[in-house]
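Below is one structure, written out as structure tokens, with a few remarks after it.
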Amino acid sequence: MTGWGDLYKLDNQPIDWTKNRIRPRVEFKVPDEFKQMEFYEEETFFVQNNMANSYDVKKSETEITSNGWIGYPLGVFLVATPKKKEEGSSISRVIEGYDKLLIVKEDKLVERLTFQAGTTYYDCMTKVLESAGVTKYTIENDGKKLATDKEYEPGEEKLKVLNDLASELNFTQLWVDEYGYFRSERYVSPSEKGLDYEYKDDELSIIMQGMEEELDVYDLPNVFHVTVSNPDKDEVLTATYENNNRDHPRSIPNLGRRIVRYEEKEDIADQEVLDNYVERIALESSQIFGKVMFDTAIMPFHGYSNILRVRNQTLGIDEKYSETDWSIPLESGGSMSHEVRRVVKL
């Protein structure tokens with residue numbers, strides 16, 4: 001960011017680097033017949049009962065007009081005090097942004113936290129979020145309740161508490177979306193998700209030259225066993241998942257032997273959640289062997305764990321992938337890097 005003197009917000013107030021957030025956007029100049037139109041969403045897609053009304057999230061669409069721009073948000077970040085450098089008669093700053101998860105990572109328990117058996121996981125998670133001053137969140141509420149009391153010691157990161165609760169539900173780990181909302185929802189296998197985007201090396205391709213594929217099949221388990229034993233409960237829950245897919249290079253039929261991953265968990269909501277959890281770690285581990293890295297033109301509408309179909313005729317690639325990482329330089333004319341892992345059915 002470069003400008004004259006100090007930087008100001010839209011209301012002409014100086015930026016407070018300790019309190020204000022930064023919201024980077026990618027904007028495209030489009031043909032004269034289009035423009036960006038912002039409006040407030042009256043549906044409740046992002047809205048939970050902790051919000052004051054149904055106008056908390058600004059959405060966008062296009063309409064016919066002239067001299068239009070289309071913008072896409074890339075997230076909401078905390079900022080550290082930037083470096084400030086004189087360049088002639090202007091000032092330049094280098095700003096580092098931090099994901100809002102830093103809020104619940106740096107906020108730790110100062111006294112023992114206890115949740116009573118029978119409390120819903122949703123109530124536990126939202127209580128922790130709100131204790132850290134977080135009011136914008138979308139946590140799925142499936143109604144499941146704690147089977148036993150749970151305690152967390154002073155000094156524990158609130159992020160650790162939240163992810164522990166999410167794990168017991170087989171939910172995604174806590175993440176923050178492009179609008180700055182904290183989110184966690186029921187895990188869905190990539191093989192069960194529909195495609196979000198396709199990247200093909202055809203005449204309209206935006207893929208840069210130099211796609212790479214990495215196949216690392218060493219030391220991948222093909223048997224996954226998880227045991228849950230809680231001293232406050234009489235029963236011991238177990239679940240096992242075996243990779244018998246003959247199209248997978250590390251399956252039991254192809255190797256002719258078992259490679260076991262054994263895991264113990266302290267607690268989980270119930271047997272159904274445990275079964276889904278074991279299937280999840282089996283699928284995620286089995287997808288490690290197929291990784292593809294490539295660059296494209298900037299595509300700012302990507303989000304969390306998008307499902308892509310990628311085709312590269314030179315490398316013989318034409319598969320469904322789950323996106324694990326992407327990055328965009330905040331400069332015009334740059335390219336976007338992607339890292340994806342092949343979606344495997346077991």
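Numbering starts fresh at 1 for the residues of each chain in the structure tokens, the chains themselves are lettered A, B, ... in the order given, and ligands are numbered from 1 as they appear.
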* Can you list, as a ChimeraX atom specification, every protein, DNA or RNA residue that comes within 8 Å of A:Ala297 when you count only C-alpha atoms, leaving out same-chain residues fewer than 5 positions away? -> /A:206-208,334-336
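Those residues of stretch 119-223 of chain A that DSSP, working from the backbone, places in strand (DSSP E) are Tyr137, Thr138, Ile139, Lys150, Glu151, Tyr152, Trp175, Val176, Phe182, Arg183, Ser184, Tyr197, Glu198, Tyr199, Lys200, Glu212, Glu213, Glu214, Leu215 and Val223 of chain A.
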* Asked: A:Glu319: which residues within 9 Å, counting only C-alpha atoms, same-chain residues fewer than 4 positions away excluded, as a VMD selection string?
  -> chain A and resid 308 to 311 342 to 343
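Distances here use only C-alpha atoms; by that measure, the residue among A:Leu220, A:Ile317, A:Ile298, A:Ile139 closest to A:Leu330 is A:Ile298.
Counting only C-alpha atoms and comparing A:Ile259, A:Ala147, A:Val128, A:Val79, the residue that lies closest to A:Gln116 is A:Ala147.
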* Excluding same-chain residues fewer than 6 positions from A:Phe171, what lies within 12 Å of it counting only C-alpha atoms, as a list in words? -> Tyr121, Tyr122, Met125, Ile139, Glu140, Asn141, Asp142, Lys144, Leu162, Asn163, Asp164, Leu165, Arg183, Ser184, Glu185, Arg186, Tyr187, Val188, Ser189, Ile268, Ala269, Val273, Leu274, Asn276, Tyr277 and Arg280 of chain A
Restrict the selected residues to N, CA and C atoms and save them as a tab-separated table (two decimals), in the first residue's frame.
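Saved result, part19.tsv, follows:
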chain	number	residue	atom	x	y	z
A	121	TYR	N	-23.16	-29.60	22.09
A	121	TYR	CA	-21.85	-29.17	21.61
A	121	TYR	C	-21.93	-27.76	21.05
A	122	TYR	N	-23.04	-27.44	20.40
A	122	TYR	CA	-23.22	-26.09	19.83
A	122	TYR	C	-23.13	-25.03	20.92
A	125	MET	N	-19.49	-24.62	22.08
A	125	MET	CA	-18.63	-23.93	21.14
A	125	MET	C	-18.95	-22.44	21.06
A	139	ILE	N	-21.79	-21.81	13.24
A	139	ILE	CA	-21.48	-23.15	13.72
A	139	ILE	C	-22.73	-24.01	13.50
A	140	GLU	N	-22.56	-25.13	12.79
A	140	GLU	CA	-23.71	-26.01	12.56
A	140	GLU	C	-24.19	-26.58	13.90
A	141	ASN	N	-25.48	-26.60	14.08
A	141	ASN	CA	-26.08	-27.14	15.30
A	141	ASN	C	-26.82	-28.43	14.96
A	142	ASP	N	-26.18	-29.58	15.24
A	142	ASP	CA	-26.83	-30.86	14.95
A	142	ASP	C	-27.55	-31.43	16.16
A	144	LYS	N	-26.45	-32.63	18.95
A	144	LYS	CA	-25.78	-33.66	19.76
A	144	LYS	C	-25.29	-33.06	21.08
A	162	LEU	N	-12.06	-25.38	21.05
A	162	LEU	CA	-13.05	-25.41	19.97
A	162	LEU	C	-12.79	-26.56	19.00
A	163	ASN	N	-11.53	-26.76	18.63
A	163	ASN	CA	-11.21	-27.85	17.70
A	163	ASN	C	-11.39	-29.22	18.34
A	164	ASP	N	-11.19	-29.30	19.64
A	164	ASP	CA	-11.43	-30.55	20.36
A	164	ASP	C	-12.92	-30.91	20.31
A	165	LEU	N	-13.77	-29.93	20.55
A	165	LEU	CA	-15.21	-30.16	20.48
A	165	LEU	C	-15.65	-30.50	19.06
A	183	ARG	N	-16.32	-20.47	11.33
A	183	ARG	CA	-17.21	-21.53	10.86
A	183	ARG	C	-16.70	-22.92	11.23
A	184	SER	N	-17.63	-23.81	11.46
A	184	SER	CA	-17.36	-25.24	11.61
A	184	SER	C	-18.65	-25.96	11.31
A	185	GLU	N	-18.56	-27.01	10.50
A	185	GLU	CA	-19.75	-27.75	10.12
A	185	GLU	C	-19.40	-29.22	9.93
A	186	ARG	N	-20.42	-30.02	9.77
A	186	ARG	CA	-20.26	-31.45	9.61
A	186	ARG	C	-19.33	-31.77	8.44
A	187	TYR	N	-18.37	-32.64	8.67
A	187	TYR	CA	-17.44	-33.03	7.62
A	187	TYR	C	-18.17	-33.84	6.55
A	188	VAL	N	-17.91	-33.50	5.30
A	188	VAL	CA	-18.45	-34.23	4.16
A	188	VAL	C	-17.28	-34.69	3.30
A	189	SER	N	-17.23	-35.96	2.98
A	189	SER	CA	-16.13	-36.49	2.17
A	189	SER	C	-16.07	-35.80	0.82
A	268	ILE	N	-15.97	-38.94	22.20
A	268	ILE	CA	-16.64	-38.66	20.93
A	268	ILE	C	-18.13	-38.70	21.18
A	269	ALA	N	-18.91	-38.07	20.33
A	269	ALA	CA	-20.34	-37.91	20.60
A	269	ALA	C	-21.06	-39.26	20.70
A	273	VAL	N	-20.87	-41.08	14.98
A	273	VAL	CA	-19.84	-40.08	14.72
A	273	VAL	C	-18.47	-40.74	14.63
A	274	LEU	N	-18.22	-41.74	15.48
A	274	LEU	CA	-16.94	-42.45	15.44
A	274	LEU	C	-16.76	-43.17	14.10
A	276	ASN	N	-18.05	-42.39	11.24
A	276	ASN	CA	-17.79	-41.37	10.22
A	276	ASN	C	-16.39	-40.79	10.35
A	277	TYR	N	-15.92	-40.66	11.59
A	277	TYR	CA	-14.58	-40.13	11.82
A	277	TYR	C	-13.51	-41.07	11.26
A	280	ARG	N	-13.40	-40.87	7.63
A	280	ARG	CA	-12.78	-39.61	7.23
A	280	ARG	C	-11.26	-39.70	7.22
* Asked: What is the distance between atom CA of A:Phe224 and atom CA of A:Ala282, in Å to one decimal?
  -> 6.3 Å
* To do: For A:Leu129, please output as JSON, numbers by chain all residues within 9 Å (counting only C-alpha atoms; exclusion window: fewer than 4 positions along the same chain).
  => {"A": [104, 124, 125, 133, 134, 135, 137, 158, 159, 162, 182]}
* Asked: What is the atom CA of A:Val292 to atom CA of A:His338 distance in Å?
  -> 8.1 Å
* Interatomic distance, atom CA of A:Thr119 to atom CA of A:Gln173 (Å, one decimal) ->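 Atom CA of A:Gln173 lies at a distance of 20.1 Å from atom CA of A:Thr119.
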